>>> print(open('my_file19.cif').read())   # mmCIF, C-alpha atoms
data_run
loop_
_atom_site.label_atom_id
_atom_site.label_comp_id
_atom_site.auth_asym_id
_atom_site.auth_seq_id
_atom_site.Cartn_x
_atom_site.Cartn_y
_atom_site.Cartn_z
CA MET A 233 -16.24 -6.37 -9.75
CA SER A 234 -12.75 -5.52 -8.54
CA LYS A 235 -10.46 -7.72 -6.53
CA THR A 236 -9.46 -6.53 -3.07
CA PHE A 237 -6.23 -7.43 -1.33
CA ILE A 238 -6.89 -7.82 2.40
CA THR A 239 -4.40 -8.27 5.22
CA ASP A 240 -4.23 -7.62 8.98
CA ARG A 241 -1.72 -5.78 11.13
CA GLU A 242 -1.62 -5.68 14.92
CA LEU A 243 -0.72 -2.35 16.48
CA ARG A 244 2.42 -2.91 18.47
CA PHE A 245 3.93 -0.88 21.31
CA GLY A 246 6.31 0.91 18.91
CA ASP A 247 3.40 1.97 16.66
CA CYS A 248 1.82 4.05 19.42
CA ASP A 249 2.49 7.22 21.38
CA ILE A 250 2.70 7.39 25.17
CA SER A 251 -1.12 7.33 25.47
CA GLY A 252 -1.31 4.02 23.56
CA THR A 253 -2.81 5.70 20.49
CA ALA A 254 -1.48 4.79 17.05
CA TYR A 255 1.05 7.38 15.88
CA PHE A 256 0.33 8.50 12.30
CA PRO A 257 3.90 8.01 10.98
CA SER A 258 3.60 4.39 12.11
CA TYR A 259 0.36 4.12 10.14
CA LEU A 260 2.33 5.05 7.02
CA ASP A 261 5.00 2.48 7.83
CA LEU A 262 2.26 -0.15 8.22
CA LEU A 263 0.75 0.96 4.91
CA ASN A 264 4.12 0.57 3.22
CA GLY A 265 4.34 -2.99 4.59
CA VAL A 266 0.88 -3.73 3.18
CA ASN A 267 2.00 -2.43 -0.22
CA GLU A 268 5.10 -4.61 -0.08
CA GLU A 269 2.95 -7.62 0.79
CA PHE A 270 0.57 -6.83 -2.12
CA TRP A 271 3.42 -6.71 -4.65
CA ALA A 272 4.72 -10.06 -3.39
CA HIS A 273 1.17 -11.46 -3.55
CA ILE A 274 0.87 -10.56 -7.25
CA GLY A 275 4.28 -12.07 -8.01
CA TYR A 276 6.65 -9.10 -7.80
CA PRO A 277 8.40 -9.14 -4.41
CA TRP A 278 10.32 -5.95 -3.83
CA HIS A 279 13.57 -7.72 -3.00
CA GLU A 280 13.54 -9.19 -6.54
CA ILE A 281 12.35 -6.20 -8.56
CA ILE A 282 14.63 -3.80 -6.70
CA TRP A 283 17.85 -5.85 -6.63
CA LYS A 284 17.51 -8.01 -9.76
CA GLU A 285 15.31 -6.05 -12.17
CA ARG A 286 16.27 -2.54 -10.92
CA TRP A 287 12.81 -0.99 -10.87
CA GLY A 288 10.71 0.16 -7.96
CA THR A 289 7.37 1.68 -7.01
CA PRO A 290 7.92 4.92 -5.09
CA THR A 291 4.93 6.83 -3.78
CA VAL A 292 4.39 10.06 -5.73
CA HIS A 293 1.13 11.16 -4.08
CA LEU A 294 -0.58 10.24 -0.83
CA THR A 295 -3.67 11.48 1.00
CA CYS A 296 -5.04 10.16 4.28
CA ASP A 297 -8.16 10.80 6.31
CA PHE A 298 -8.27 9.63 9.91
CA SER A 299 -11.69 8.92 11.45
CA ILE A 300 -11.24 7.22 14.82
CA PRO A 301 -8.08 6.58 16.87
CA SER A 302 -6.66 3.07 17.04
CA LEU A 303 -5.02 1.69 20.15
CA PHE A 304 -2.06 -0.49 21.10
CA GLY A 305 -2.98 -4.18 20.74
CA GLN A 306 -5.82 -3.71 18.28
CA THR A 307 -5.78 -5.51 14.95
CA LEU A 308 -6.36 -3.40 11.87
CA THR A 309 -7.64 -4.81 8.59
CA PHE A 310 -6.19 -3.18 5.48
CA GLU A 311 -8.16 -3.40 2.22
CA LEU A 312 -6.19 -2.40 -0.87
CA ARG A 313 -7.99 -1.73 -4.15
CA VAL A 314 -6.43 -0.83 -7.50
CA VAL A 315 -8.54 1.98 -8.95
CA LYS A 316 -6.45 3.21 -11.89
CA VAL A 317 -3.51 1.96 -13.92
CA GLY A 318 -1.66 4.53 -16.01
CA ARG A 319 1.31 4.24 -18.36
CA SER A 320 3.73 4.29 -15.45
CA SER A 321 1.53 4.81 -12.40
CA VAL A 322 -1.02 2.94 -10.32
CA THR A 323 -3.57 4.38 -7.90
CA PHE A 324 -4.49 2.44 -4.78
CA GLU A 325 -7.32 3.11 -2.39
CA HIS A 326 -6.84 1.77 1.11
CA GLU A 327 -9.56 1.35 3.69
CA ILE A 328 -8.43 0.49 7.19
CA SER A 329 -10.81 -0.80 9.84
CA CYS A 330 -10.88 -2.46 13.23
CA GLY A 331 -13.72 -4.97 13.28
CA GLU A 332 -16.69 -3.19 11.70
CA GLU A 333 -15.36 0.28 12.53
CA LYS A 334 -13.59 2.31 9.82
CA ARG A 335 -10.44 3.92 11.27
CA TRP A 336 -8.81 5.66 8.32
CA ASN A 337 -8.46 5.61 4.56
CA SER A 338 -5.87 6.60 2.02
CA ARG A 339 -5.47 7.22 -1.69
CA GLN A 340 -1.97 6.58 -3.00
CA VAL A 341 -0.28 6.89 -6.37
CA LEU A 342 2.85 4.87 -7.05
CA ALA A 343 5.06 5.17 -10.12
CA ALA A 344 7.15 2.60 -11.95
CA SER A 345 10.70 3.88 -11.62
CA ASP A 346 14.06 2.93 -13.09
CA LEU A 347 16.21 2.81 -9.97
CA ASP A 348 19.45 3.60 -11.77
CA LYS A 349 18.22 6.52 -13.90
CA HIS A 350 15.69 7.79 -11.33
CA THR A 351 13.04 8.27 -13.99
CA SER A 352 9.59 6.87 -14.49
CA VAL A 353 9.22 3.97 -16.91
CA PRO A 354 6.19 2.26 -18.43
CA TRP A 355 4.91 -0.79 -16.59
CA PRO A 356 6.27 -4.03 -18.03
CA ASP A 357 3.41 -5.76 -19.89
CA ASP A 358 3.12 -8.61 -17.37
CA VAL A 359 2.98 -6.19 -14.43
CA ARG A 360 0.36 -4.03 -16.17
CA ALA A 361 -1.78 -7.11 -16.86
CA LYS A 362 -1.59 -8.21 -13.22
CA LEU A 363 -2.48 -4.71 -11.93
CA GLU A 364 -5.34 -4.39 -14.42
CA SER A 365 -6.72 -7.72 -13.24
CA TYR A 366 -7.54 -5.90 -9.95
CA LEU A 367 -9.53 -3.11 -11.63
CA PRO A 368 -13.34 -3.01 -11.34
#
>>> encode(input="my_file19.cif", output="structure tokens")
Amino acid sequence: MSKTFITDRELRFGDCDISGTAYFPSYLDLLNGVNEEFWAHIGYPWHEIIWKERWGTPTVHLTCDFSIPSLFGQTLTFELRVVKVGRSSVTFEHEISCGEEKRWNSRQVLAASDLDKHTSVPWPDDVRAKLESYLP
């Protein structure tokens, strides 16, 4: 059974359009914040790996499906699952809900990247082990 990283985000005024409906670019910004929180949770905060170790995790592929609109003031629950770990990539599946109602989902591939050479690099062994610990 896989581990799931779960966190909540409230939709704020700036996340929504004039009708009070969540604006999809804001969804992606929220998703990025969830990813950042996940990496810190597993022991690799971005401010350390980016500035001290000089590697990062840019998104190289992203798909999203939106089911039901979300509104200003609602709290969304983000569930992040690791579904595949490659030599230098990791695939996340995200399911986002409000209460019992699914709002949207996403599949995202991130790559381990040398920030100075701008090339992909294999996951360090400790990072790979931590990511694999989330696999089913």
>>> resolve_selection(input="my_file19.cif", expression="the PyMOL selection byres ((chain A and resi 287-302) around 7)", output="number ranges by chain")
A: 253-254, 281-282, 285-286, 303, 306, 335-347
>>> atom_distance(input="my_file19.cif", atom1="CA of Ser352 (chain A)", atom2="CA of Arg319 (chain A)")
9.5 Å
>>> closest_residue(input="my_file19.cif", among="A:Arg360, A:Lys334, A:Arg313, A:Lys349", to="Phe270 (chain A)", atoms="only C-alpha atoms")
A:Arg313
>>> closest_residue(input="my_file19.cif", among="A:Asp357, A:Phe310, A:Phe324, A:Leu363", to="Glu242 (chain A)", atoms="only C-alpha atoms")
A:Phe310
>>> closest_residue(input="my_file19.cif", among="A:Phe237, A:Phe245, A:Val314, A:Pro257", to="Ala272 (chain A)", atoms="all atoms listed in the file")
A:Phe237
>>> closest_residue(input="my_file19.cif", among="A:Ser251, A:Glu332, A:Pro354, A:Leu312", to="Trp271 (chain A)", atoms="all atoms listed in the file")
A:Leu312
>>> atom_distance(input="my_file19.cif", atom1="CA of Thr309 (chain A)", atom2="CA of Thr239 (chain A)")
5.8 Å
>>> closest_residue(input="my_file19.cif", among="A:Ile274, A:Ala361, A:Cys330, A:Phe304", to="Arg244 (chain A)", atoms="all atoms listed in the file")
A:Phe304
>>> closest_residue(input="my_file19.cif", among="A:Leu367, A:Cys248, A:Leu308, A:Val315", to="Ile328 (chain A)", atoms="only C-alpha atoms")
A:Leu308
>>> residues_around(input="my_file19.cif", residues="Ser258 (chain A)", least_positions_apart="6", cutoff="10 Å", atoms="only C-alpha atoms", output="PDB file with C-alpha atoms, in the coordinates of the input")
ATOM      1  CA  LEU A 243      -0.720  -2.350  16.480  1.00  0.00           C
ATOM      2  CA  ARG A 244       2.420  -2.910  18.470  1.00  0.00           C
ATOM      3  CA  GLY A 246       6.310   0.910  18.910  1.00  0.00           C
ATOM      4  CA  ASP A 247       3.400   1.970  16.660  1.00  0.00           C
ATOM      5  CA  CYS A 248       1.820   4.050  19.420  1.00  0.00           C
ATOM      6  CA  ASP A 249       2.490   7.220  21.380  1.00  0.00           C
ATOM      7  CA  ASN A 264       4.120   0.570   3.220  1.00  0.00           C
TER       8      ASN A 264
END
>>> atom_distance(input="my_file19.cif", atom1="CA of Lys316 (chain A)", atom2="CA of Asp240 (chain A)")
23.6 Å
>>> axis_aligned_box(input="my_file19.cif", around="region 287-302 of chain A", padding_each_side="4 Å", output="AutoDock Vina command-line options")
--center_x 0.6 --center_y 5.2 --center_z 3.1 --size_x 32.5 --size_y 20.5 --size_z 35.9
